[in-house]
$ cat query31.cif   # mmCIF, C-alpha atoms
data_upload
#
loop_
_atom_site.label_atom_id
_atom_site.label_comp_id
_atom_site.auth_asym_id
_atom_site.auth_seq_id
_atom_site.Cartn_x
_atom_site.Cartn_y
_atom_site.Cartn_z
CA MET O 1 142.03 43.50 64.29
CA THR O 2 144.81 45.89 63.38
CA ALA O 3 145.19 48.52 60.72
CA ALA O 4 147.48 46.12 58.85
CA ASP O 5 144.51 43.82 58.27
CA GLU O 6 142.64 46.43 56.34
CA VAL O 7 143.06 47.68 52.79
CA LYS O 8 141.10 50.56 51.28
CA LEU O 9 140.64 51.33 47.63
CA VAL O 10 138.72 54.10 45.90
CA VAL O 11 138.01 53.72 42.19
CA PRO O 12 135.82 55.51 39.65
CA ALA O 13 132.46 53.76 39.39
CA GLN O 14 133.17 52.56 35.88
CA PRO O 15 133.47 48.95 34.73
CA GLU O 16 137.08 49.20 33.62
CA PHE O 17 138.20 50.41 37.06
CA LEU O 18 136.15 47.96 39.02
CA ARG O 19 138.48 45.29 37.72
CA LEU O 20 140.86 46.62 40.37
CA ALA O 21 138.37 45.64 43.03
CA ARG O 22 138.55 42.08 41.81
CA VAL O 23 142.33 42.02 41.56
CA THR O 24 142.72 43.38 45.08
CA ALA O 25 140.33 40.82 46.50
CA ALA O 26 142.12 37.99 44.72
CA GLY O 27 145.49 39.22 45.99
CA LEU O 28 144.33 39.36 49.59
CA ALA O 29 142.56 36.02 49.34
CA GLY O 30 145.74 34.47 48.02
CA ARG O 31 147.68 35.86 50.96
CA ILE O 32 145.47 34.11 53.49
CA GLY O 33 145.60 30.76 51.77
CA PHE O 34 142.37 30.64 49.83
CA SER O 35 142.33 27.91 47.22
CA PHE O 36 142.11 28.60 43.51
CA ASP O 37 138.44 27.58 43.71
CA GLU O 38 137.78 30.08 46.46
CA VAL O 39 139.68 32.88 44.76
CA GLU O 40 137.69 32.37 41.59
CA ASP O 41 134.45 32.36 43.56
CA LEU O 42 135.45 35.59 45.22
CA ARG O 43 136.27 37.30 41.93
CA LEU O 44 132.90 36.39 40.50
CA ALA O 45 131.14 37.59 43.63
CA ILE O 46 132.94 40.94 43.57
CA ASP O 47 131.87 41.39 39.96
CA GLU O 48 128.30 40.58 40.77
CA LEU O 49 128.06 42.96 43.73
CA CYS O 50 129.85 45.79 41.95
CA PHE O 51 127.39 45.32 39.14
CA GLY O 52 124.54 45.53 41.63
CA LEU O 53 126.02 48.72 43.06
CA THR O 54 126.76 50.64 39.89
CA GLY O 55 124.60 49.03 37.24
CA PRO O 56 125.91 47.74 33.95
CA THR O 57 127.23 50.95 32.50
CA GLY O 58 128.81 52.51 35.56
CA ARG O 59 127.91 55.69 37.42
CA HIS O 60 129.25 59.17 37.88
CA GLY O 61 131.22 59.00 41.09
CA THR O 62 133.37 56.55 42.95
CA VAL O 63 133.18 53.23 44.71
CA GLU O 64 135.01 52.99 47.99
CA LEU O 65 136.12 49.51 48.86
CA ARG O 66 137.32 48.23 52.19
CA TYR O 67 138.89 44.83 52.57
CA VAL O 68 139.33 43.34 56.01
CA ILE O 69 141.21 40.14 56.73
CA ASP O 70 140.18 38.42 59.91
CA GLY O 71 141.88 35.06 60.29
CA GLY O 72 140.67 32.86 57.49
CA GLU O 73 137.94 35.26 56.53
CA LEU O 74 137.89 38.09 54.04
CA VAL O 75 135.25 40.79 54.33
CA VAL O 76 134.76 43.17 51.44
CA GLU O 77 132.61 46.26 51.79
CA GLY O 78 131.83 48.57 48.90
CA GLU O 79 130.08 51.91 49.04
CA GLY O 80 128.95 54.00 46.09
CA ARG O 81 129.42 57.76 46.19
CA PHE O 82 127.45 58.82 43.18
CA ALA O 83 126.82 62.26 41.79
CA ASP O 84 124.01 61.15 39.51
CA ASP O 85 120.52 60.31 40.58
CA ILE O 86 119.81 57.14 38.67
CA ALA O 87 117.71 54.45 40.29
CA ILE O 88 119.93 51.75 41.71
CA VAL O 89 120.08 48.46 39.91
CA GLY O 90 119.61 45.82 42.57
CA LEU O 91 120.34 42.14 42.43
CA SER O 92 118.36 39.99 40.07
CA GLU O 93 117.04 36.64 41.24
CA MET O 94 119.84 35.05 39.31
CA SER O 95 122.43 37.22 41.05
CA LYS O 96 121.07 36.17 44.41
CA VAL O 97 121.40 32.51 43.51
CA ILE O 98 124.90 33.02 42.18
CA LEU O 99 126.08 34.95 45.22
CA GLY O 100 124.48 32.46 47.57
CA ALA O 101 126.67 29.76 46.03
CA LEU O 102 129.84 31.82 45.88
CA VAL O 103 130.21 33.50 49.26
CA ASP O 104 129.25 32.86 52.86
CA GLU O 105 127.37 36.12 53.36
CA HIS O 106 126.32 38.96 51.16
CA ARG O 107 124.18 42.05 51.34
CA LEU O 108 123.38 44.94 49.06
CA GLY O 109 121.35 47.89 50.22
CA PRO O 110 121.18 51.55 51.07
CA GLY O 111 123.79 53.08 53.34
CA PRO O 112 124.03 56.48 55.05
CA ARG O 113 126.04 57.99 52.19
CA GLY O 114 125.06 55.82 49.28
CA PRO O 115 124.30 52.25 48.30
CA GLN O 116 126.62 49.68 49.78
CA PHE O 117 127.41 46.02 49.73
CA ARG O 118 129.15 43.63 52.04
CA LEU O 119 130.39 40.14 51.42
CA VAL O 120 132.11 37.59 53.59
CA LYS O 121 134.13 34.73 52.20
CA ARG O 122 135.65 32.20 54.58
CA ARG O 123 138.49 29.85 53.89
CA HIS O 124 137.22 26.34 54.08
CA ASP O 125 138.50 23.25 55.82
CA ASP O 126 140.98 21.90 53.34
CA ALA O 127 142.66 25.30 53.21
CA ALA O 128 142.71 25.51 56.99
CA ARG O 129 144.53 22.19 57.13
CA ARG O 130 147.18 23.43 54.73
CA SER O 131 148.05 26.41 56.80
CA GLY O 132 147.85 24.61 60.10
CA MET N 1 122.58 27.97 4.58
CA ALA N 2 119.49 27.52 2.44
CA GLU N 3 116.29 28.44 4.18
CA PRO N 4 113.65 25.91 3.42
CA GLU N 5 110.07 26.94 3.59
CA SER N 6 109.60 24.94 6.76
CA LEU N 7 112.13 27.12 8.56
CA ARG N 8 110.41 30.25 7.40
CA ARG N 9 107.13 28.89 8.72
CA THR N 10 108.80 28.05 11.99
CA PHE N 11 110.03 31.63 12.26
CA GLU N 12 106.51 32.89 11.62
CA ARG N 13 105.06 30.60 14.24
CA TYR N 14 107.75 31.58 16.74
CA ALA N 15 107.14 35.27 16.11
CA ARG N 16 103.45 34.68 16.80
CA THR N 17 103.66 32.37 19.77
CA GLY N 18 107.07 32.86 21.39
CA ASP N 19 107.13 29.10 21.91
CA ALA N 20 110.49 28.16 23.49
CA ALA N 21 110.60 24.80 21.70
CA LEU N 22 110.37 26.56 18.35
CA ARG N 23 113.11 28.89 19.43
CA ASP N 24 115.35 25.93 20.28
CA GLN N 25 114.68 24.45 16.84
CA LEU N 26 115.59 27.68 15.12
CA VAL N 27 118.75 28.10 17.13
CA ALA N 28 119.82 24.51 16.47
CA ALA N 29 119.20 24.95 12.77
CA HIS N 30 121.58 27.91 12.61
CA MET N 31 124.34 26.89 15.01
CA GLY N 32 126.57 26.15 12.04
CA LEU N 33 126.38 29.80 11.02
CA ALA N 34 127.32 30.92 14.55
CA ALA N 35 130.30 28.56 14.63
CA TYR N 36 131.42 29.65 11.17
CA LEU N 37 131.34 33.33 12.13
CA ALA N 38 133.13 32.63 15.42
CA ARG N 39 135.96 30.96 13.48
CA ARG N 40 136.30 34.09 11.37
CA PHE N 41 137.26 35.94 14.57
CA ALA N 42 139.71 33.33 15.82
CA ASN N 43 143.41 34.13 16.30
CA ARG N 44 142.67 37.41 18.03
CA GLY N 45 143.73 36.31 21.48
CA GLN N 46 140.45 34.73 22.56
CA PRO N 47 139.77 30.99 22.75
CA LEU N 48 137.60 29.75 19.90
CA GLU N 49 135.35 28.03 22.42
CA ASP N 50 134.55 31.43 23.96
CA LEU N 51 133.93 32.99 20.58
CA VAL N 52 131.51 30.24 19.66
CA GLN N 53 129.61 30.93 22.86
CA VAL N 54 129.49 34.64 22.16
CA ALA N 55 128.29 33.90 18.65
CA SER N 56 125.63 31.59 20.08
CA LEU N 57 124.36 34.41 22.25
CA GLY N 58 124.23 36.61 19.15
CA LEU N 59 122.28 33.90 17.39
CA LEU N 60 119.77 33.76 20.23
CA LYS N 61 119.29 37.50 19.98
CA ALA N 62 118.89 37.25 16.24
CA VAL N 63 116.23 34.56 16.53
CA ASP N 64 114.36 36.69 19.04
CA GLY N 65 114.67 39.88 17.05
CA PHE N 66 114.03 38.55 13.55
CA ASP N 67 110.87 39.72 11.86
CA PRO N 68 109.96 37.22 9.12
CA GLY N 69 107.64 39.80 7.65
CA LEU N 70 110.51 42.02 6.55
CA GLY N 71 111.32 39.77 3.63
CA ILE N 72 115.03 39.38 4.31
CA GLU N 73 116.84 36.13 4.79
CA PHE N 74 117.39 35.17 8.40
CA SER N 75 121.03 34.33 7.69
CA THR N 76 121.63 37.90 6.53
CA TYR N 77 119.96 39.33 9.60
CA ALA N 78 121.68 36.92 11.96
CA THR N 79 125.12 37.50 10.49
CA THR N 80 124.89 41.20 11.33
CA THR N 81 123.75 40.49 14.88
CA ILE N 82 126.31 37.76 15.52
CA VAL N 83 129.21 39.73 14.07
CA GLY N 84 128.16 42.72 16.17
CA GLU N 85 128.20 40.56 19.27
CA LEU N 86 131.62 39.15 18.44
CA LYS N 87 133.07 42.59 17.78
CA ARG N 88 131.67 43.93 21.02
CA HIS N 89 133.12 40.98 22.86
CA LEU N 90 136.58 41.54 21.41
CA ARG N 91 136.39 45.26 22.01
CA ASP N 92 135.32 44.78 25.63
CA ARG N 93 138.21 42.44 26.17
CA GLY N 94 140.73 44.62 24.50
CA TRP N 95 142.80 45.00 27.62
CA ALA N 96 143.10 41.27 27.91
CA VAL N 97 144.21 40.89 24.34
CA ARG N 98 146.88 43.46 25.07
CA ALA N 99 148.07 41.50 28.10
CA PRO N 100 151.76 40.71 27.88
CA ARG N 101 152.49 37.57 25.95
CA ARG N 102 154.42 36.23 28.94
CA MET N 103 151.25 36.48 31.05
CA GLN N 104 149.19 34.72 28.43
CA GLU N 105 151.75 31.93 28.33
CA LEU N 106 151.82 31.72 32.10
CA TYR N 107 148.04 31.49 32.13
CA LEU N 108 148.13 28.57 29.72
CA HIS N 109 150.83 26.89 31.77
CA LEU N 110 148.85 27.41 34.98
CA SER N 111 145.85 25.71 33.46
CA SER N 112 147.67 22.39 33.37
CA VAL N 113 149.49 23.04 36.66
CA ILE N 114 146.21 23.57 38.50
CA ASP N 115 144.92 20.22 37.31
CA GLU N 116 148.17 18.44 38.15
CA LEU N 117 148.23 19.93 41.64
CA ARG N 118 144.57 19.14 42.13
CA GLN N 119 145.32 15.49 41.39
CA GLN N 120 148.37 15.42 43.62
CA LEU N 121 146.77 17.22 46.55
CA GLY N 122 143.22 15.97 46.20
CA ARG N 123 141.94 19.53 46.49
CA SER N 124 142.11 22.87 44.75
CA PRO N 125 145.63 24.34 45.12
CA THR N 126 146.34 27.67 46.75
CA ILE N 127 147.80 30.58 44.87
CA ALA N 128 151.06 30.07 46.80
CA GLU N 129 151.24 26.43 45.75
CA MET N 130 150.64 27.35 42.13
CA ALA N 131 153.35 30.01 42.30
CA ALA N 132 155.84 27.60 43.87
CA GLU N 133 155.12 24.98 41.23
CA VAL N 134 155.80 27.28 38.29
CA GLN N 135 158.48 29.24 40.17
CA VAL N 136 156.96 32.68 39.82
CA SER N 137 155.63 35.11 42.42
CA GLU N 138 152.07 34.92 43.70
CA GLU N 139 151.45 38.34 42.16
CA GLU N 140 152.43 36.98 38.78
CA VAL N 141 150.05 34.07 39.20
CA LEU N 142 147.22 36.46 40.04
CA GLU N 143 148.12 38.72 37.16
CA ALA N 144 148.15 35.80 34.76
CA LEU N 145 144.79 34.54 36.02
CA GLU N 146 143.29 37.97 35.54
CA ALA N 147 144.85 38.43 32.10
CA GLY N 148 143.81 35.00 30.97
CA GLN N 149 140.36 34.98 32.34
CA ALA N 150 139.69 38.32 30.83
CA TYR N 151 136.10 38.53 31.70
CA ARG N 152 134.74 41.95 32.26
CA PHE N 153 132.67 43.19 35.11
CA ALA N 154 130.17 44.76 32.75
CA SER N 155 127.66 42.71 30.85
CA LEU N 156 128.24 41.74 27.25
CA ASP N 157 125.50 44.03 26.16
CA ALA N 158 124.93 47.08 28.26
CA PRO N 159 121.26 47.25 29.14
CA LYS N 160 119.44 50.31 30.29
CA PRO N 161 119.84 50.91 34.00
CA ASP N 162 116.42 52.50 34.22
CA SER N 163 114.45 49.48 33.11
CA GLY N 164 112.18 49.99 36.07
CA SER N 165 111.98 46.40 37.13
CA GLY N 166 111.02 47.39 40.64
CA GLU N 167 113.87 45.33 42.02
CA PRO N 168 114.08 45.92 45.76
CA LEU N 169 117.21 47.68 46.83
CA VAL N 170 117.91 45.52 49.81
CA ASP N 171 118.66 41.98 48.81
CA HIS N 172 119.59 39.14 51.04
CA LEU N 173 119.87 35.50 50.31
CA GLY N 174 119.72 33.75 53.62
CA SER N 175 121.62 30.53 54.11
CA GLU N 176 118.45 29.12 55.60
CA ASP N 177 116.90 28.82 52.16
CA ALA N 178 115.20 25.47 52.08
CA GLU N 179 115.74 23.02 49.27
CA LEU N 180 112.17 23.65 48.21
CA GLY N 181 112.91 27.32 47.84
CA ARG N 182 115.91 26.47 45.74
CA VAL N 183 113.80 24.34 43.43
CA GLU N 184 111.27 27.13 43.10
CA VAL N 185 113.96 29.63 42.28
CA ARG N 186 115.43 27.23 39.74
CA ALA N 187 112.04 26.93 38.07
CA THR N 188 111.63 30.70 37.99
CA LEU N 189 115.01 31.12 36.39
CA GLU N 190 114.59 28.29 33.92
CA PRO N 191 113.73 30.55 30.95
CA LEU N 192 116.94 32.46 31.56
CA LEU N 193 119.07 29.36 31.92
CA ARG N 194 117.65 27.87 28.77
CA GLN N 195 119.27 30.65 26.81
CA LEU N 196 122.75 29.48 27.72
CA PRO N 197 124.60 27.02 25.52
CA GLY N 198 124.28 23.45 26.79
CA ARG N 199 127.68 23.04 28.42
CA GLN N 200 127.45 26.37 30.20
CA ARG N 201 123.94 25.54 31.42
CA GLU N 202 125.22 22.30 32.84
CA ILE N 203 128.09 24.01 34.65
CA VAL N 204 125.80 26.71 36.05
CA GLN N 205 123.43 24.03 37.31
CA LEU N 206 126.25 22.11 38.99
CA ARG N 207 127.90 25.14 40.58
CA PHE N 208 125.03 27.38 41.60
CA PHE N 209 122.14 24.98 42.10
CA ASP N 210 123.78 21.67 43.03
CA GLY N 211 126.57 23.30 45.04
CA LEU N 212 129.55 21.51 43.46
CA THR N 213 132.90 23.30 43.59
CA GLN N 214 134.82 24.17 40.45
CA THR N 215 137.21 21.33 41.21
CA GLU N 216 134.37 18.84 41.45
CA ILE N 217 132.81 20.10 38.24
CA ALA N 218 136.12 19.83 36.39
CA ARG N 219 136.49 16.26 37.59
CA ARG N 220 132.95 15.32 36.70
CA LEU N 221 133.04 16.80 33.21
CA ALA N 222 136.65 15.80 32.57
CA ILE N 223 137.70 19.31 31.63
CA SER N 224 140.29 21.60 33.15
CA GLN N 225 139.45 23.70 36.16
CA MET N 226 140.50 26.74 34.21
CA GLN N 227 137.86 25.92 31.63
CA VAL N 228 135.24 25.60 34.34
CA SER N 229 136.30 28.93 35.75
CA ARG N 230 136.19 30.65 32.38
CA LEU N 231 132.83 29.17 31.42
CA LEU N 232 131.32 30.11 34.76
CA ALA N 233 132.52 33.69 34.41
CA ARG N 234 131.16 33.83 30.90
CA SER N 235 127.84 32.36 31.97
CA VAL N 236 127.43 34.81 34.83
CA ALA N 237 128.06 37.74 32.50
CA GLN N 238 125.58 36.38 29.97
CA LEU N 239 122.93 35.66 32.57
CA ARG N 240 123.37 39.14 33.94
CA ALA N 241 122.88 40.63 30.49
CA LEU N 242 119.90 38.43 29.76
CA ALA N 243 118.29 39.15 33.13
CA GLU N 244 118.51 42.85 32.46
CA GLU N 245 117.13 42.72 28.94
CA PRO N 246 113.71 44.22 28.33
CA ALA N 247 110.95 41.67 28.15
CA GLU N 248 110.28 42.20 24.48
CA GLY N 249 113.68 40.68 23.78
CA ALA N 250 114.33 42.63 20.64
CA GLY N 251 117.94 42.77 19.56
CA ASP N 252 119.85 45.97 19.34
#
$ encode --input "query31.cif" --output "structure tokens"
Amino acid sequence: MTAADEVKLVVPAQPEFLRLARVTAAGLAGRIGFSFDEVEDLRLAIDELCFGLTGPTGRHGTVELRYVIDGGELVVEGEGRFADDIAIVGLSEMSKVILGALVDEHRLGPGPRGPQFRLVKRRHDDAARRSG
Amino acid sequence: MAEPESLRRTFERYARTGDAALRDQLVAAHMGLAAYLARRFANRGQPLEDLVQVASLGLLKAVDGFDPGLGIEFSTYATTTIVGELKRHLRDRGWAVRAPRRMQELYLHLSSVIDELRQQLGRSPTIAEMAAEVQVSEEEVLEALEAGQAYRFASLDAPKPDSGSGEPLVDHLGSEDAELGRVEVRATLEPLLRQLPGRQREIVQLRFFDGLTQTEIARRLAISQMQVSRLLARSVAQLRALAEEPAEGAGD
């Protein structure tokens, strides 16, 4: 993996800025040949995990996002750096079901500097054929 | 809408028992009001179909929050709740309404292009293929999708983050989940799913529980893939809001 495969983004932990997280993910997914289906899945998943990280109304602080492209796979990691001390909103049962259907792997939990998530979305067979 | 005595009694019974079947009856009896109010907010850059769904969510909240003992007509109470929901929806999507007209037009064009390409290719097209077909850049395609979809990360109705649900911080959903587990989860979530309008509930079932792709759902329901995408996004936002709501379910 090279530095060129990695994109970093830091945004305020507010809903209106987290849209950028979604746009960036969609842009990178498009670059590596994800289908429209897969891009839409990814956007929903990013929403869901950002929501799990910051809660519905946002937090005081930032979310640092790291996108890594590895072949036909996109990994997105998000980490909250929050100044406030509000209890974290985790994933509801419904969110778990939704994420399980949308992405190949996902995780939300505590990190060394704040709560963090990680998702992995892989390009599937029909897309692999197109680029082959 | 006139409120016959039987409806009033149904409201009283629902307030007492919380019976979901009674709730469904009450919602069905007032769907016309929700649709009427949604139409009042049409022509503001949002599809009427979406507005009707937002209004339906407002109606659900109104049914849950209505106190028949207050002596006011339900339609009066519900109108306030539904209009509030519609206004919040439009306000939250303000950025999308302000999206350049060219992007809105491109979004509409892409909706048909996606379906045409899907038929030609037998699979969901890539962003590059969509861009080549309409002769714009991939960035423009992505921008149009974002502008058109216009769903917001936040829930429709911001709940309190400190609801104290005791949700564990670390959440994993292992791919090893057995079918049985899936059925159990589905049963647990049934009350939540029941609150979605019928078409959305069906799409959520197909995508998240039956594992169909958006393309397959579009084909099965004979609707555009863009519609599937929009309804899924809407459903997820609604489910998120509903999941976070306090158990007493009172409106705002």
$ resolve_selection --input "query31.cif" --expression "the PyMOL selection byres ((chain O) within 9 of (chain N))" --output "ChimeraX atom specification"
/O:14-16,18-19,22-23,26-27,29-31,33-41,44,46-48,50-51,55-58,86-102,104-110,115,126-127
$ atom_distance --input "query31.cif" --atom1 "CA of Glu202 (chain N)" --atom2 "CA of Val52 (chain N)"
16.6 Å
$ resolve_selection --input "query31.cif" --expression "the PyMOL selection byres ((chain O and resi 77) around 8)" --output "list in words"
Leu65, Arg66, Tyr67, Val75, Val76, Gly78, Glu79, Gln116, Phe117, Arg118 and Leu119 of chain O
$ residues_around --input "query31.cif" --residues "Gln200 (chain N)" --least-positions-apart "2" --cutoff "9 Å" --atoms "all atoms listed in the file" --output "CSV table (one decimal) with C-alpha atoms, keeping the file's coordinate frame"
chain,number,residue,atom,x,y,z
N,53,GLN,CA,129.6,30.9,22.9
N,196,LEU,CA,122.8,29.5,27.7
N,197,PRO,CA,124.6,27.0,25.5
N,198,GLY,CA,124.3,23.4,26.8
N,202,GLU,CA,125.2,22.3,32.8
N,203,ILE,CA,128.1,24.0,34.6
N,204,VAL,CA,125.8,26.7,36.0
N,205,GLN,CA,123.4,24.0,37.3
N,228,VAL,CA,135.2,25.6,34.3
N,231,LEU,CA,132.8,29.2,31.4
N,232,LEU,CA,131.3,30.1,34.8
N,234,ARG,CA,131.2,33.8,30.9
N,235,SER,CA,127.8,32.4,32.0
$ decode --input "query31.cif" --residues "region 10-38 of chain N" --atoms "N, CA and C atoms" --output "PDB file, in the first residue's frame"
ATOM      1  N   THR N  10     -62.084   4.296  19.358  1.00  0.00           N
ATOM      2  CA  THR N  10     -60.852   3.573  19.016  1.00  0.00           C
ATOM      3  C   THR N  10     -59.636   4.293  19.599  1.00  0.00           C
ATOM      4  N   PHE N  11     -59.647   5.604  19.508  1.00  0.00           N
ATOM      5  CA  PHE N  11     -58.540   6.372  20.098  1.00  0.00           C
ATOM      6  C   PHE N  11     -58.447   6.108  21.606  1.00  0.00           C
ATOM      7  N   GLU N  12     -59.598   6.079  22.253  1.00  0.00           N
ATOM      8  CA  GLU N  12     -59.595   5.859  23.707  1.00  0.00           C
ATOM      9  C   GLU N  12     -59.050   4.466  24.037  1.00  0.00           C
ATOM     10  N   ARG N  13     -59.487   3.501  23.227  1.00  0.00           N
ATOM     11  CA  ARG N  13     -58.999   2.138  23.488  1.00  0.00           C
ATOM     12  C   ARG N  13     -57.497   2.041  23.215  1.00  0.00           C
ATOM     13  N   TYR N  14     -57.065   2.712  22.146  1.00  0.00           N
ATOM     14  CA  TYR N  14     -55.630   2.667  21.827  1.00  0.00           C
ATOM     15  C   TYR N  14     -54.810   3.343  22.925  1.00  0.00           C
ATOM     16  N   ALA N  15     -55.304   4.462  23.417  1.00  0.00           N
ATOM     17  CA  ALA N  15     -54.584   5.165  24.485  1.00  0.00           C
ATOM     18  C   ALA N  15     -54.464   4.282  25.728  1.00  0.00           C
ATOM     19  N   ARG N  16     -55.486   3.464  25.945  1.00  0.00           N
ATOM     20  CA  ARG N  16     -55.488   2.583  27.122  1.00  0.00           C
ATOM     21  C   ARG N  16     -54.600   1.364  26.925  1.00  0.00           C
ATOM     22  N   THR N  17     -54.693   0.778  25.732  1.00  0.00           N
ATOM     23  CA  THR N  17     -54.076  -0.541  25.553  1.00  0.00           C
ATOM     24  C   THR N  17     -52.771  -0.518  24.766  1.00  0.00           C
ATOM     25  N   GLY N  18     -52.611   0.499  23.897  1.00  0.00           N
ATOM     26  CA  GLY N  18     -51.425   0.517  23.036  1.00  0.00           C
ATOM     27  C   GLY N  18     -51.450  -0.587  21.989  1.00  0.00           C
ATOM     28  N   ASP N  19     -52.608  -1.123  21.726  1.00  0.00           N
ATOM     29  CA  ASP N  19     -52.765  -2.233  20.783  1.00  0.00           C
ATOM     30  C   ASP N  19     -52.349  -1.793  19.367  1.00  0.00           C
ATOM     31  N   ALA N  20     -51.377  -2.506  18.787  1.00  0.00           N
ATOM     32  CA  ALA N  20     -50.837  -2.118  17.474  1.00  0.00           C
ATOM     33  C   ALA N  20     -51.892  -2.186  16.372  1.00  0.00           C
ATOM     34  N   ALA N  21     -52.826  -3.127  16.501  1.00  0.00           N
ATOM     35  CA  ALA N  21     -53.862  -3.254  15.467  1.00  0.00           C
ATOM     36  C   ALA N  21     -54.760  -2.012  15.463  1.00  0.00           C
ATOM     37  N   LEU N  22     -55.045  -1.510  16.655  1.00  0.00           N
ATOM     38  CA  LEU N  22     -55.852  -0.289  16.745  1.00  0.00           C
ATOM     39  C   LEU N  22     -55.090   0.885  16.138  1.00  0.00           C
ATOM     40  N   ARG N  23     -53.815   0.887  16.409  1.00  0.00           N
ATOM     41  CA  ARG N  23     -52.979   1.965  15.849  1.00  0.00           C
ATOM     42  C   ARG N  23     -53.029   1.946  14.319  1.00  0.00           C
ATOM     43  N   ASP N  24     -52.902   0.748  13.756  1.00  0.00           N
ATOM     44  CA  ASP N  24     -52.961   0.621  12.293  1.00  0.00           C
ATOM     45  C   ASP N  24     -54.286   1.147  11.760  1.00  0.00           C
ATOM     46  N   GLN N  25     -55.365   0.811  12.458  1.00  0.00           N
ATOM     47  CA  GLN N  25     -56.699   1.285  12.042  1.00  0.00           C
ATOM     48  C   GLN N  25     -56.756   2.807  12.024  1.00  0.00           C
ATOM     49  N   LEU N  26     -56.233   3.386  13.091  1.00  0.00           N
ATOM     50  CA  LEU N  26     -56.289   4.843  13.217  1.00  0.00           C
ATOM     51  C   LEU N  26     -55.444   5.528  12.147  1.00  0.00           C
ATOM     52  N   VAL N  27     -54.293   4.939  11.894  1.00  0.00           N
ATOM     53  CA  VAL N  27     -53.431   5.509  10.855  1.00  0.00           C
ATOM     54  C   VAL N  27     -54.122   5.412   9.501  1.00  0.00           C
ATOM     55  N   ALA N  28     -54.662   4.238   9.208  1.00  0.00           N
ATOM     56  CA  ALA N  28     -55.327   4.040   7.910  1.00  0.00           C
ATOM     57  C   ALA N  28     -56.488   5.021   7.738  1.00  0.00           C
ATOM     58  N   ALA N  29     -57.177   5.269   8.819  1.00  0.00           N
ATOM     59  CA  ALA N  29     -58.349   6.148   8.737  1.00  0.00           C
ATOM     60  C   ALA N  29     -57.973   7.596   8.453  1.00  0.00           C
ATOM     61  N   HIS N  30     -56.721   7.949   8.711  1.00  0.00           N
ATOM     62  CA  HIS N  30     -56.313   9.347   8.537  1.00  0.00           C
ATOM     63  C   HIS N  30     -55.234   9.541   7.478  1.00  0.00           C
ATOM     64  N   MET N  31     -54.991   8.511   6.684  1.00  0.00           N
ATOM     65  CA  MET N  31     -53.951   8.648   5.656  1.00  0.00           C
ATOM     66  C   MET N  31     -54.297   9.729   4.639  1.00  0.00           C
ATOM     67  N   GLY N  32     -55.586   9.905   4.418  1.00  0.00           N
ATOM     68  CA  GLY N  32     -56.015  10.947   3.475  1.00  0.00           C
ATOM     69  C   GLY N  32     -55.557  12.323   3.934  1.00  0.00           C
ATOM     70  N   LEU N  33     -55.623  12.550   5.221  1.00  0.00           N
ATOM     71  CA  LEU N  33     -55.185  13.844   5.775  1.00  0.00           C
ATOM     72  C   LEU N  33     -53.675  14.020   5.546  1.00  0.00           C
ATOM     73  N   ALA N  34     -52.910  12.944   5.788  1.00  0.00           N
ATOM     74  CA  ALA N  34     -51.454  13.022   5.598  1.00  0.00           C
ATOM     75  C   ALA N  34     -51.124  13.331   4.137  1.00  0.00           C
ATOM     76  N   ALA N  35     -51.821  12.664   3.225  1.00  0.00           N
ATOM     77  CA  ALA N  35     -51.556  12.875   1.793  1.00  0.00           C
ATOM     78  C   ALA N  35     -51.945  14.302   1.391  1.00  0.00           C
ATOM     79  N   TYR N  36     -53.051  14.762   1.918  1.00  0.00           N
ATOM     80  CA  TYR N  36     -53.507  16.115   1.595  1.00  0.00           C
ATOM     81  C   TYR N  36     -52.468  17.150   2.053  1.00  0.00           C
ATOM     82  N   LEU N  37     -51.978  16.988   3.262  1.00  0.00           N
ATOM     83  CA  LEU N  37     -50.999  17.953   3.777  1.00  0.00           C
ATOM     84  C   LEU N  37     -49.679  17.865   3.016  1.00  0.00           C
ATOM     85  N   ALA N  38     -49.305  16.644   2.630  1.00  0.00           N
ATOM     86  CA  ALA N  38     -48.067  16.483   1.850  1.00  0.00           C
ATOM     87  C   ALA N  38     -48.185  17.248   0.536  1.00  0.00           C
TER      88      ALA N  38
END
